[in-house]
file protein35.cif (mmCIF, C-alpha atoms)
data_data
loop_
_atom_site.label_atom_id
_atom_site.label_comp_id
_atom_site.auth_asym_id
_atom_site.auth_seq_id
_atom_site.Cartn_x
_atom_site.Cartn_y
_atom_site.Cartn_z
CA MET X 700 0.00 0.00 0.00
CA ILE X 701 2.95 2.34 0.55
CA LEU X 702 3.90 2.12 -3.12
CA LEU X 703 0.31 2.89 -4.12
CA ARG X 704 0.33 5.87 -1.78
CA ILE X 705 3.62 7.11 -3.24
CA SER X 706 2.43 6.75 -6.83
CA SER X 707 -0.86 8.47 -6.02
CA MET X 708 0.94 11.39 -4.36
CA LEU X 709 3.23 11.76 -7.37
CA GLN X 710 0.38 11.60 -9.87
CA SER X 711 -1.65 14.18 -7.94
CA SER X 712 1.34 16.50 -7.64
CA GLY X 713 2.14 16.77 -11.35
CA ALA X 714 4.81 14.10 -11.88
CA CYS X 715 5.11 12.59 -15.34
CA THR X 716 4.38 8.90 -15.88
CA ALA X 717 8.02 7.96 -16.42
CA ARG X 718 9.11 9.49 -13.10
CA ILE X 719 6.37 7.63 -11.22
CA ARG X 720 7.36 4.32 -12.80
CA ILE X 721 11.09 4.89 -12.11
CA ILE X 722 10.48 5.66 -8.43
CA LEU X 723 8.19 2.64 -8.01
CA HIS X 724 10.79 0.31 -9.54
CA ARG X 725 13.57 1.87 -7.47
CA ILE X 726 11.76 1.32 -4.17
CA ALA X 727 10.47 -2.16 -5.08
CA ASN X 728 13.93 -3.32 -6.19
CA ALA X 729 15.37 -2.19 -2.87
CA TYR X 730 13.26 -4.91 -1.23
CA ASP X 731 13.96 -7.53 -3.93
CA MET X 732 10.58 -6.98 -5.54
CA ASN X 733 9.50 -6.01 -9.02
CA ALA X 734 6.71 -3.50 -9.52
CA ASP X 735 4.37 -3.74 -12.50
CA ALA X 736 2.15 -0.68 -12.65
CA LEU X 737 -0.60 0.51 -14.95
CA ILE X 738 -0.64 4.27 -14.48
CA THR X 739 -3.65 6.14 -15.79
CA HIS X 740 -4.86 9.67 -15.26
CA ARG X 741 -7.42 8.67 -12.62
CA ALA X 742 -6.17 5.40 -11.14
CA ILE X 743 -3.06 3.29 -10.57
CA ILE X 744 -3.07 -0.51 -10.69
CA LEU X 745 -0.04 -2.05 -8.99
CA THR X 746 1.20 -5.64 -8.91
CA LEU X 747 4.25 -6.67 -6.88
CA LEU X 748 6.26 -9.71 -7.92
CA ASN X 749 8.84 -11.51 -5.80
CA SER X 750 12.24 -12.70 -6.99
CA GLN X 751 10.60 -15.79 -8.53
CA GLU X 752 8.24 -13.52 -10.52
CA GLU X 753 5.26 -14.67 -8.43
CA PRO X 754 2.60 -12.04 -7.67
CA VAL X 755 2.46 -11.21 -3.96
CA PHE X 756 0.34 -8.07 -4.04
CA ASN X 757 -2.23 -6.55 -6.36
CA ASN X 758 -4.40 -3.51 -5.77
CA ILE X 759 -5.80 -0.37 -7.34
CA LYS X 760 -5.93 3.18 -6.04
CA ARG X 761 -7.87 6.09 -7.44
CA THR X 762 -5.91 9.32 -7.79
CA ILE X 763 -7.32 12.77 -7.19
CA PRO X 764 -5.99 15.60 -9.39
CA ILE X 765 -4.82 18.27 -6.96
CA GLY X 766 -2.38 20.38 -8.94
CA VAL X 767 1.33 20.98 -9.15
CA ASN X 768 3.39 20.51 -6.01
CA PHE X 769 7.08 20.08 -6.75
CA LYS X 770 7.86 19.82 -3.03
CA ILE X 771 6.04 16.48 -3.03
CA VAL X 772 7.67 15.31 -6.26
CA SER X 773 11.23 16.21 -5.24
CA GLY X 774 10.68 15.00 -1.66
CA ILE X 775 9.50 11.56 -2.79
CA SER X 776 12.41 11.35 -5.25
CA LEU X 777 14.83 11.93 -2.37
CA ILE X 778 12.99 9.40 -0.22
CA GLY X 779 13.24 6.86 -3.04
CA MET X 780 17.00 7.32 -3.31
CA SER X 781 17.39 6.99 0.46
CA ILE X 782 15.32 3.79 0.48
CA GLU X 783 17.44 2.40 -2.35
CA ASN X 784 20.64 3.07 -0.41
CA ASP X 785 19.57 2.29 3.17
CA LYS X 786 16.47 0.04 2.86
CA TRP X 787 14.31 1.94 5.32
CA GLU X 788 11.75 0.21 7.50
CA LEU X 789 8.18 0.54 6.26
CA ASP X 790 7.17 2.51 9.35
CA ARG X 791 9.87 5.06 8.63
CA ILE X 792 8.70 5.43 5.03
CA SER X 793 5.12 6.07 6.20
CA SER X 794 6.37 8.59 8.74
CA GLU X 795 8.41 10.46 6.13
CA LEU X 796 5.43 10.52 3.75
CA ASP X 797 3.24 11.92 6.54
CA LYS X 798 5.78 14.68 7.17
CA LEU X 799 5.96 15.42 3.45
CA GLU X 800 2.19 15.71 3.13
CA LYS X 801 2.06 18.06 6.13
CA THR X 802 4.79 20.33 4.79
CA PRO X 803 3.28 23.82 4.80
CA SER X 804 2.93 25.57 1.49
CA TYR X 805 3.93 29.16 0.89
CA ASN X 806 1.85 31.89 2.44
CA ARG X 807 -1.13 32.74 0.25
CA LEU X 808 -0.23 36.42 0.03
CA VAL X 809 3.31 35.49 -1.02
CA ILE X 810 1.95 33.28 -3.82
CA LEU X 811 -0.47 35.95 -5.03
CA SER X 812 2.22 38.62 -4.97
CA ALA X 813 4.92 36.48 -6.62
CA VAL X 814 2.64 35.30 -9.44
CA SER X 815 1.41 38.85 -9.99
CA LEU X 816 4.98 40.13 -10.17
CA ALA X 817 5.73 37.43 -12.73
CA GLY X 818 2.73 38.61 -14.77
CA ALA X 819 3.97 42.18 -14.59
CA GLY X 820 7.39 40.93 -15.70
CA PHE X 821 5.87 39.26 -18.77
CA CYS X 822 4.07 42.51 -19.49
CA PHE X 823 7.42 44.33 -19.36
CA LEU X 824 8.95 41.78 -21.73
CA SER X 825 6.05 42.50 -24.09
CA ASP X 826 7.06 46.20 -24.14
CA GLY X 827 4.39 47.24 -21.65
CA ASN X 828 4.83 50.53 -19.81
CA LEU X 829 4.76 50.97 -16.04
CA PHE X 830 1.04 51.70 -16.03
CA SER X 831 0.36 48.56 -18.06
CA MET X 832 2.55 46.52 -15.69
CA ALA X 833 0.63 47.85 -12.68
CA VAL X 834 -2.69 46.96 -14.30
CA CYS X 835 -1.39 43.50 -15.17
CA PHE X 836 -0.25 43.03 -11.56
CA ALA X 837 -3.69 43.96 -10.19
CA ALA X 838 -5.57 41.86 -12.76
CA THR X 839 -3.36 38.82 -12.15
CA PHE X 840 -3.64 39.21 -8.37
CA ILE X 841 -7.44 39.28 -8.39
CA GLY X 842 -7.73 36.65 -11.14
CA LEU X 843 -5.55 34.22 -9.20
CA PHE X 844 -7.53 34.97 -6.03
CA VAL X 845 -10.73 34.04 -7.88
CA LYS X 846 -9.16 30.82 -9.13
CA GLN X 847 -8.02 29.89 -5.62
CA GLU X 848 -11.45 30.56 -4.13
CA THR X 849 -13.36 28.69 -6.83
CA THR X 850 -10.97 25.76 -6.50
CA ARG X 851 -11.44 25.78 -2.73
CA ILE X 852 -15.21 25.33 -3.08
CA HIS X 853 -14.62 22.49 -5.58
CA LEU X 854 -16.01 24.06 -8.72
CA ASN X 855 -15.28 22.32 -12.00
CA PRO X 856 -11.60 23.02 -12.86
CA ASN X 857 -12.51 24.23 -16.35
CA LEU X 858 -15.04 26.67 -14.88
CA CYS X 859 -12.40 27.87 -12.39
CA VAL X 860 -10.04 28.70 -15.26
CA PHE X 861 -12.79 30.47 -17.21
CA LEU X 862 -13.84 32.60 -14.23
CA ALA X 863 -10.24 33.51 -13.43
CA ALA X 864 -9.50 34.48 -17.05
CA PHE X 865 -12.74 36.46 -17.30
CA THR X 866 -12.06 38.29 -14.03
CA ALA X 867 -8.46 39.16 -14.92
CA THR X 868 -9.32 40.44 -18.40
CA MET X 869 -12.37 42.33 -17.12
CA ILE X 870 -10.15 44.25 -14.70
CA ALA X 871 -7.54 44.97 -17.36
CA GLY X 872 -10.30 45.82 -19.85
CA THR X 873 -11.92 48.23 -17.43
CA PHE X 874 -8.69 50.18 -17.08
CA ARG X 875 -8.23 50.15 -20.85
CA HIS X 876 -11.79 51.42 -21.31
CA PHE X 877 -11.27 54.41 -19.03
CA PHE X 878 -7.66 55.05 -20.09
CA PRO X 879 -7.69 54.35 -23.87
CA GLU X 880 -4.40 56.21 -24.38
CA GLY X 881 -2.60 54.36 -21.60
CA GLY X 882 -1.13 51.65 -23.82
CA LEU X 883 -2.74 48.84 -21.85
CA GLU X 884 -2.95 46.26 -24.64
CA GLN X 885 0.06 44.40 -23.26
CA GLY X 886 -1.41 44.38 -19.76
CA PHE X 887 -4.67 42.94 -21.08
CA ALA X 888 -2.92 40.21 -23.07
CA THR X 889 -0.53 39.15 -20.31
CA SER X 890 -3.01 39.25 -17.42
CA VAL X 891 -4.02 35.61 -18.09
CA LEU X 892 -0.56 34.07 -18.50
CA PHE X 893 -0.68 32.70 -14.95
CA LEU X 894 -3.38 30.29 -16.16
CA ILE X 895 -1.34 28.72 -18.98
CA PRO X 896 -1.21 24.94 -18.24
CA GLY X 897 2.54 24.59 -18.68
CA VAL X 898 3.10 21.50 -16.53
CA PRO X 899 0.31 19.36 -18.12
CA LEU X 900 1.55 20.27 -21.60
CA ILE X 901 5.19 19.52 -20.73
CA ASN X 902 4.21 16.22 -19.08
CA SER X 903 2.13 15.40 -22.15
CA PHE X 904 5.19 15.88 -24.37
CA ILE X 905 7.33 13.72 -22.05
CA ASP X 906 4.68 10.98 -22.00
CA PHE X 907 4.54 10.96 -25.79
CA ILE X 908 8.33 10.61 -26.01
CA ASP X 909 8.33 7.77 -23.45
CA GLY X 910 5.52 5.93 -25.25
CA ASN X 911 2.85 6.58 -22.63
CA LEU X 912 0.42 7.64 -25.31
CA LEU X 913 -2.82 7.38 -23.33
CA ASN X 914 -1.61 9.61 -20.51
CA GLY X 915 -0.02 11.94 -23.04
CA ILE X 916 -3.30 12.32 -24.94
CA ILE X 917 -5.28 12.91 -21.74
CA ARG X 918 -2.85 15.53 -20.46
CA LEU X 919 -2.71 17.22 -23.85
CA THR X 920 -6.50 17.28 -24.04
CA ASN X 921 -6.80 18.76 -20.55
CA GLY X 922 -4.21 21.39 -21.41
CA LEU X 923 -6.05 22.31 -24.60
CA ILE X 924 -9.37 22.54 -22.74
CA PHE X 925 -7.80 24.88 -20.19
CA SER X 926 -6.41 26.97 -23.03
CA ILE X 927 -9.85 27.14 -24.63
CA MET X 928 -11.38 28.24 -21.32
CA ILE X 929 -8.79 31.02 -21.10
CA ALA X 930 -9.63 32.10 -24.64
CA ILE X 931 -13.38 32.09 -23.93
CA GLY X 932 -12.86 34.21 -20.81
CA MET X 933 -10.84 36.73 -22.83
CA ILE X 934 -13.39 36.74 -25.66
CA CYS X 935 -16.23 37.49 -23.23
CA SER X 936 -14.32 40.51 -21.94
CA ILE X 937 -13.50 41.66 -25.46
CA VAL X 938 -17.17 41.44 -26.45
CA ILE X 939 -18.27 43.36 -23.36
CA PHE X 940 -15.84 46.22 -23.96
CA ASN X 941 -16.14 45.99 -27.76
CA PHE X 942 -12.36 46.22 -28.27
#
call {"tool": "encode", "arguments": {"input": "protein35.cif", "output": "structure tokens"}}
result
Amino acid sequence: MILLRISSMLQSSGACTARIRIILHRIANAYDMNADALITHRAIILTLLNSQEEPVFNNIKRTIPIGVNFKIVSGISLIGMSIENDKWELDRISSELDKLEKTPSYNRLVILSAVSLAGAGFCFLSDGNLFSMAVCFAATFIGLFVKQETTRIHLNPNLCVFLAAFTATMIAGTFRHFFPEGGLEQGFATSVLFLIPGVPLINSFIDFIDGNLLNGIIRLTNGLIFSIMIAIGMICSIVIFNF
């Protein structure tokens, strides 16, 4: 069950299929076992074989898509290497996983501010002026806040992305409406960049290269749907302000 827990944590935290399979094999081999895993987007089926290739364990665990958490991914990778070298007791592995799951995330205000600064930086790279950067910062800040709140109340992820994109572009569009000479086109365009599904698209590409076509297709489809939701949110704002 520990291997199922590890694979589920990795899948829910944004790890690619190849990394999950490598870590499972690394830990199983440390205990003279072989792990055969079927890793899908929503569930993981695991079979453990002993040194005589006889099945000793078989189970399935449903995974819950949570988001991207590289602390979990890197932490489990380090745990896997330590298990491979020192053959930890199972109780110690469970204890380390508990600690990893309880690791506090960054303060919410820090996340909002850092992501908004990144948005303002992209606006600057797009030749936006200081006013446009400030508008992009405010739009990104509030848009991300909306996404966090809608995710917290368990709205459909696609709807969360749409509402966040619509909110961010509405704020940027409002400023552009009242300050038409302010050069806010860059701020409007870059206010939704925080929603771009970079990790799913990158993982999709990695899965395709490694031959995990099903997971690659699912991740690519999810990334494209998110992108479409962003576009629809922007289009709604454009129609409202008649840009």
call {"tool": "resolve_selection", "arguments": {"input": "protein35.cif", "expression": "the PyMOL selection byres ((chain X and resi 865) around 9)", "output": "list in words"}}
result
Gly842, Val860, Phe861, Leu862, Ala863, Ala864, Thr866, Ala867, Thr868, Met869, Ile870, Val891, Ile929, Ile931, Gly932, Met933, Ile934, Cys935 and Ser936 of chain X
call {"tool": "closest_residue", "arguments": {"input": "protein35.cif", "among": "X:Asn911, X:Leu703, X:Ala734, X:Thr839", "to": "Leu816 in chain X", "atoms": "all atoms listed in the file"}}
result
X:Thr839
call {"tool": "closest_residue", "arguments": {"input": "protein35.cif", "among": "X:Ile905, X:Asp731, X:Ala833, X:Ile744", "to": "Arg704 in chain X", "atoms": "only C-alpha atoms"}}
result
X:Ile744
call {"tool": "atom_distance", "arguments": {"input": "protein35.cif", "atom1": "CA of Lys798 in chain X", "atom2": "CA of Met732 in chain X"}}
result
25.6 Å
call {"tool": "residues_around", "arguments": {"input": "protein35.cif", "residues": "range 750-758 of chain X", "least_positions_apart": "3", "cutoff": "12 Å", "atoms": "all atoms listed in the file", "output": "CSV table (one decimal) with C-alpha atoms, in the frame of the given file"}}
result
chain,number,residue,atom,x,y,z
X,700,MET,CA,0.0,0.0,0.0
X,701,ILE,CA,3.0,2.3,0.6
X,702,LEU,CA,3.9,2.1,-3.1
X,703,LEU,CA,0.3,2.9,-4.1
X,704,ARG,CA,0.3,5.9,-1.8
X,727,ALA,CA,10.5,-2.2,-5.1
X,728,ASN,CA,13.9,-3.3,-6.2
X,729,ALA,CA,15.4,-2.2,-2.9
X,730,TYR,CA,13.3,-4.9,-1.2
X,731,ASP,CA,14.0,-7.5,-3.9
X,732,MET,CA,10.6,-7.0,-5.5
X,733,ASN,CA,9.5,-6.0,-9.0
X,734,ALA,CA,6.7,-3.5,-9.5
X,735,ASP,CA,4.4,-3.7,-12.5
X,736,ALA,CA,2.2,-0.7,-12.6
X,737,LEU,CA,-0.6,0.5,-15.0
X,742,ALA,CA,-6.2,5.4,-11.1
X,743,ILE,CA,-3.1,3.3,-10.6
X,744,ILE,CA,-3.1,-0.5,-10.7
X,745,LEU,CA,0.0,-2.0,-9.0
X,746,THR,CA,1.2,-5.6,-8.9
X,747,LEU,CA,4.2,-6.7,-6.9
X,761,ARG,CA,-7.9,6.1,-7.4
call {"tool": "atom_distance", "arguments": {"input": "protein35.cif", "atom1": "CA of Pro764 in chain X", "atom2": "CA of Thr889 in chain X"}}
result
26.5 Å
call {"tool": "closest_residue", "arguments": {"input": "protein35.cif", "among": "X:Phe940, X:Phe925, X:Phe821, X:Phe904", "to": "Gln885 in chain X", "atoms": "all atoms listed in the file"}}
result
X:Phe821
call {"tool": "residues_around", "arguments": {"input": "protein35.cif", "residues": "Ser781 in chain X", "least_positions_apart": "3", "cutoff": "12 Å", "atoms": "only C-alpha atoms", "output": "list in words"}}
result
Ile722, Arg725, Ile726, Ala729, Gly774, Ile775, Ser776, Leu777, Ile778, Asn784, Asp785, Lys786, Trp787, Glu788, Arg791, Ile792 and Glu795 of chain X
call {"tool": "resolve_selection", "arguments": {"input": "protein35.cif", "expression": "the PyMOL selection byres ((chain X and resi 801-815) around 9)", "output": "list of chain:residue names"}}
result
X:Lys770, X:Ile771, X:Leu796, X:Asp797, X:Lys798, X:Leu799, X:Glu800, X:Leu816, X:Ala817, X:Gly818, X:Ala819, X:Gly820, X:Cys835, X:Phe836, X:Ala837, X:Ala838, X:Thr839, X:Phe840, X:Ile841, X:Leu843, X:Phe844, X:Ser890, X:Phe893
call {"tool": "closest_residue", "arguments": {"input": "protein35.cif", "among": "X:Gly779, X:Gly886, X:Pro879, X:Pro856", "to": "Asn828 in chain X", "atoms": "only C-alpha atoms"}}
result
X:Gly886
call {"tool": "atom_distance", "arguments": {"input": "protein35.cif", "atom1": "CA of Ala871 in chain X", "atom2": "CA of Leu883 in chain X"}}
result
7.6 Å
call {"tool": "closest_residue", "arguments": {"input": "protein35.cif", "among": "X:Leu900, X:Ala714, X:Leu723, X:Leu748", "to": "Thr920 in chain X", "atoms": "all atoms listed in the file"}}
result
X:Leu900
call {"tool": "residues_around", "arguments": {"input": "protein35.cif", "residues": "Ile719 in chain X", "least_positions_apart": "4", "cutoff": "9 Å", "atoms": "only C-alpha atoms", "output": "PyMOL selection string"}}
result
chain X and resi 705-707+709-710+714-715+723-724+738
call {"tool": "closest_residue", "arguments": {"input": "protein35.cif", "among": "X:Asn857, X:Ser903, X:Thr873, X:Asn921", "to": "Ile937 in chain X", "atoms": "all atoms listed in the file"}}
result
X:Thr873
call {"tool": "decode", "arguments": {"input": "protein35.cif", "residues": "range 784-816 of chain X", "atoms": "N, CA and C atoms", "output": "short mmCIF file (atom, residue, chain, number, x, y, z; two decimals), in the first residue's frame"}}
result
data_model
loop_
_atom_site.label_atom_id
_atom_site.label_comp_id
_atom_site.auth_asym_id
_atom_site.auth_seq_id
_atom_site.Cartn_x
_atom_site.Cartn_y
_atom_site.Cartn_z
N ASN X 784 19.30 3.18 -1.01
CA ASN X 784 20.64 3.07 -0.41
C ASN X 784 20.61 2.41 0.96
N ASP X 785 19.57 2.71 1.77
CA ASP X 785 19.57 2.29 3.17
C ASP X 785 18.49 1.28 3.54
N LYS X 786 17.57 0.98 2.60
CA LYS X 786 16.47 0.04 2.86
C LYS X 786 15.74 0.37 4.16
N TRP X 787 15.05 1.48 4.15
CA TRP X 787 14.31 1.94 5.32
C TRP X 787 13.25 0.92 5.73
N GLU X 788 12.91 0.96 7.02
CA GLU X 788 11.75 0.21 7.50
C GLU X 788 10.47 0.85 6.97
N LEU X 789 9.43 0.03 6.82
CA LEU X 789 8.18 0.54 6.26
C LEU X 789 7.57 1.63 7.13
N ASP X 790 7.71 1.49 8.45
CA ASP X 790 7.17 2.51 9.35
C ASP X 790 7.85 3.86 9.14
N ARG X 791 9.14 3.81 8.87
CA ARG X 791 9.87 5.06 8.63
C ARG X 791 9.42 5.71 7.32
N ILE X 792 9.17 4.88 6.30
CA ILE X 792 8.70 5.43 5.03
C ILE X 792 7.36 6.12 5.22
N SER X 793 6.44 5.47 5.94
CA SER X 793 5.12 6.07 6.20
C SER X 793 5.26 7.37 6.97
N SER X 794 6.17 7.38 7.95
CA SER X 794 6.37 8.59 8.74
C SER X 794 6.90 9.73 7.88
N GLU X 795 7.85 9.42 7.00
CA GLU X 795 8.41 10.46 6.13
C GLU X 795 7.35 10.99 5.14
N LEU X 796 6.50 10.09 4.66
CA LEU X 796 5.43 10.52 3.75
C LEU X 796 4.43 11.42 4.47
N ASP X 797 4.14 11.07 5.74
CA ASP X 797 3.24 11.92 6.54
C ASP X 797 3.82 13.32 6.70
N LYS X 798 5.12 13.38 7.01
CA LYS X 798 5.78 14.68 7.17
C LYS X 798 5.74 15.46 5.85
N LEU X 799 5.95 14.76 4.75
CA LEU X 799 5.96 15.42 3.45
C LEU X 799 4.59 15.99 3.12
N GLU X 800 3.54 15.24 3.41
CA GLU X 800 2.19 15.71 3.13
C GLU X 800 1.80 16.90 4.00
N LYS X 801 2.40 16.97 5.20
CA LYS X 801 2.06 18.06 6.13
C LYS X 801 2.98 19.27 5.96
N THR X 802 3.90 19.19 5.01
CA THR X 802 4.79 20.33 4.79
C THR X 802 3.98 21.55 4.40
N PRO X 803 4.10 22.64 5.13
CA PRO X 803 3.28 23.82 4.80
C PRO X 803 3.66 24.43 3.47
N SER X 804 2.67 24.89 2.76
CA SER X 804 2.93 25.57 1.49
C SER X 804 3.28 27.02 1.77
N TYR X 805 3.61 27.75 0.73
CA TYR X 805 3.93 29.16 0.89
C TYR X 805 2.70 29.94 1.33
N ASN X 806 2.94 31.02 2.03
CA ASN X 806 1.85 31.89 2.44
C ASN X 806 1.05 32.36 1.22
N ARG X 807 -0.27 32.42 1.39
CA ARG X 807 -1.13 32.74 0.25
C ARG X 807 -0.81 34.11 -0.34
N LEU X 808 -0.55 35.08 0.51
CA LEU X 808 -0.23 36.42 0.03
C LEU X 808 1.08 36.42 -0.75
N VAL X 809 2.03 35.60 -0.30
CA VAL X 809 3.31 35.49 -1.02
C VAL X 809 3.08 34.92 -2.42
N ILE X 810 2.24 33.88 -2.51
CA ILE X 810 1.95 33.28 -3.82
C ILE X 810 1.26 34.28 -4.73
N LEU X 811 0.25 34.97 -4.21
CA LEU X 811 -0.47 35.95 -5.03
C LEU X 811 0.47 37.05 -5.51
N SER X 812 1.31 37.53 -4.61
CA SER X 812 2.22 38.62 -4.97
C SER X 812 3.28 38.16 -5.97
N ALA X 813 3.86 36.98 -5.74
CA ALA X 813 4.92 36.48 -6.62
C ALA X 813 4.39 36.21 -8.03
N VAL X 814 3.22 35.59 -8.12
CA VAL X 814 2.64 35.30 -9.44
C VAL X 814 2.27 36.60 -10.15
N SER X 815 1.77 37.56 -9.39
CA SER X 815 1.41 38.85 -9.99
C SER X 815 2.64 39.60 -10.48
N LEU X 816 3.73 39.52 -9.72
CA LEU X 816 4.98 40.13 -10.17
C LEU X 816 5.49 39.45 -11.45
#
